[in-house]
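Let me begin by presenting the structure, written as structure tokens, before commenting on it.
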Amino acid sequence: MRDRRFDRAVYRLVSRIPPGRVATYGQIASLLGYPRAARAVGSALKRCPPDLPWQRILNHRGGISLRANVSGMITQRILLEREGVPLQRGRVDLARYCWAGPRRRPAVKLPALGKL
DNA sequence: TCCGTGACACAAG
DNA sequence: CCTTGTGCCACGG
């Protein structure tokens, strides 16, 4: 332990979220294969490297989860709006701005689709 | 190694 | 909508 594998996996994935899109803590955890480790994702972000687009991670309701950190909440909102993600009533419309997940190119060529 | 700690999620009241 | 209570799990001390 002490090598922070999980944290680094989180950073790797979060760094792939494009500007203008967001993801939830639970979504990141699930994509990493630990559907119940949403909380650990939050802990990881708390210690994340300065260049990580941490602002793109929201709670499952599309809200900002920085606890009692007023300046942090403001910062996150500014950063999101700056890249085109608006908050309304304190929430981002996840149905609209949620990231689809990492794009996996097909490992093998798919069979022909046939007529269409 | 054991134990407390959360930038969470979800269900119930 | 808001308020608990419970489950969870990697980290750090």
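Please note that chains go A, B, ... in the order of the structure tokens, that every chain numbers its residues from 1, and that ligands are numbered from 1 in the order shown.
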
Please identify every residue of chain A that has at least one atom no farther than 9 Å from an atom of chain C, counting only C-alpha atoms (C1' of nucleotides), and for each give the shortest atom pair and the distance in Å to one decimal, arranged by chain then increasing number, as JSON lines.
```
{"residue": "A:Met1", "atom": "CA", "partner": "C:DC11", "partner_atom": "C1'", "distance": 8.9}
{"residue": "A:Arg2", "atom": "CA", "partner": "C:DC11", "partner_atom": "C1'", "distance": 7.9}
{"residue": "A:Arg4", "atom": "CA", "partner": "C:DC11", "partner_atom": "C1'", "distance": 7.8}
{"residue": "A:Phe6", "atom": "CA", "partner": "C:DA10", "partner_atom": "C1'", "distance": 7.0}
{"residue": "A:Asp7", "atom": "CA", "partner": "C:DA10", "partner_atom": "C1'", "distance": 8.0}
{"residue": "A:Arg36", "atom": "CA", "partner": "C:DC8", "partner_atom": "C1'", "distance": 6.0}
{"residue": "A:Ala37", "atom": "CA", "partner": "C:DC9", "partner_atom": "C1'", "distance": 5.7}
{"residue": "A:Ala38", "atom": "CA", "partner": "C:DC8", "partner_atom": "C1'", "distance": 8.3}
{"residue": "A:Arg39", "atom": "CA", "partner": "C:DC9", "partner_atom": "C1'", "distance": 7.4}
{"residue": "A:Ala40", "atom": "CA", "partner": "C:DA10", "partner_atom": "C1'", "distance": 5.7}
{"residue": "A:Val41", "atom": "CA", "partner": "C:DA10", "partner_atom": "C1'", "distance": 8.6}
{"residue": "A:Ser43", "atom": "CA", "partner": "C:DC11", "partner_atom": "C1'", "distance": 8.1}
{"residue": "A:Ala44", "atom": "CA", "partner": "C:DA10", "partner_atom": "C1'", "distance": 8.4}
```

For the interface of chain B with chain A (cut-off 12 Å, counting only C-alpha atoms (C1' of nucleotides)), please tabulate each contacting residue of chain B alongside its nearest pair of atoms and their separation in Å to one decimal, rows sorted by chain and increasing number, as JSON lines.
```
{"residue": "B:DT1", "atom": "C1'", "partner": "A:Met1", "partner_atom": "CA", "distance": 11.7}
{"residue": "B:DT5", "atom": "C1'", "partner": "A:Ser43", "partner_atom": "CA", "distance": 9.5}
{"residue": "B:DG6", "atom": "C1'", "partner": "A:Ser43", "partner_atom": "CA", "distance": 6.5}
{"residue": "B:DA7", "atom": "C1'", "partner": "A:Leu66", "partner_atom": "CA", "distance": 4.5}
{"residue": "B:DC8", "atom": "C1'", "partner": "A:Arg39", "partner_atom": "CA", "distance": 4.3}
{"residue": "B:DA9", "atom": "C1'", "partner": "A:Gly26", "partner_atom": "CA", "distance": 7.5}
{"residue": "B:DC10", "atom": "C1'", "partner": "A:His60", "partner_atom": "CA", "distance": 10.4}
```

Limited to C-alpha atoms (C1' of nucleotides), could you put the picked residues into a file as a compact mmCIF listing (two decimals), in the first residue's frame?
```
# COMPACT_ATOMS: atom_id res chain seq x y z
C1' DT B 1 -1.18 -3.39 11.10
C1' DT B 5 -11.48 9.97 8.01
C1' DG B 6 -14.12 11.92 4.21
C1' DA B 7 -14.82 16.62 -2.51
C1' DC B 8 -19.93 9.92 -2.02
C1' DA B 9 -24.40 7.23 -2.80
C1' DC B 10 -28.72 5.70 -1.55
```

TODO: Using DSSP on the backbone coordinates, identify all residues within region 17-57 of chain A classified as helix (DSSP H, G or I); present the result as a PyMOL selection string.
DONE: chain A and resi 25-31+38-46+54-56

TODO: Could you give me the residues within region 3-100 of chain A that DSSP places in strand (DSSP E), as an MDAnalysis selection string?
DONE: chainID A and resid 23:24 57:58

Preceding selection exported with C-alpha atoms as a short mmCIF file (atom, residue, chain, number, x, y, z; two decimals), in the first residue's frame:
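Result went into out.cif, see below:
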```
data_model
loop_
_atom_site.label_atom_id
_atom_site.label_comp_id
_atom_site.auth_asym_id
_atom_site.auth_seq_id
_atom_site.Cartn_x
_atom_site.Cartn_y
_atom_site.Cartn_z
CA ALA A 23 -18.65 13.18 -14.58
CA THR A 24 -19.79 12.10 -11.14
CA ILE A 57 -16.33 16.01 -11.09
CA LEU A 58 -19.68 16.54 -9.43
#
```

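Among the candidates A:Tyr34, A:Arg56, A:Asp3, A:Arg21, the residue lying nearest to Ala95 (chain A) is A:Arg21 (atoms considered: only C-alpha atoms).
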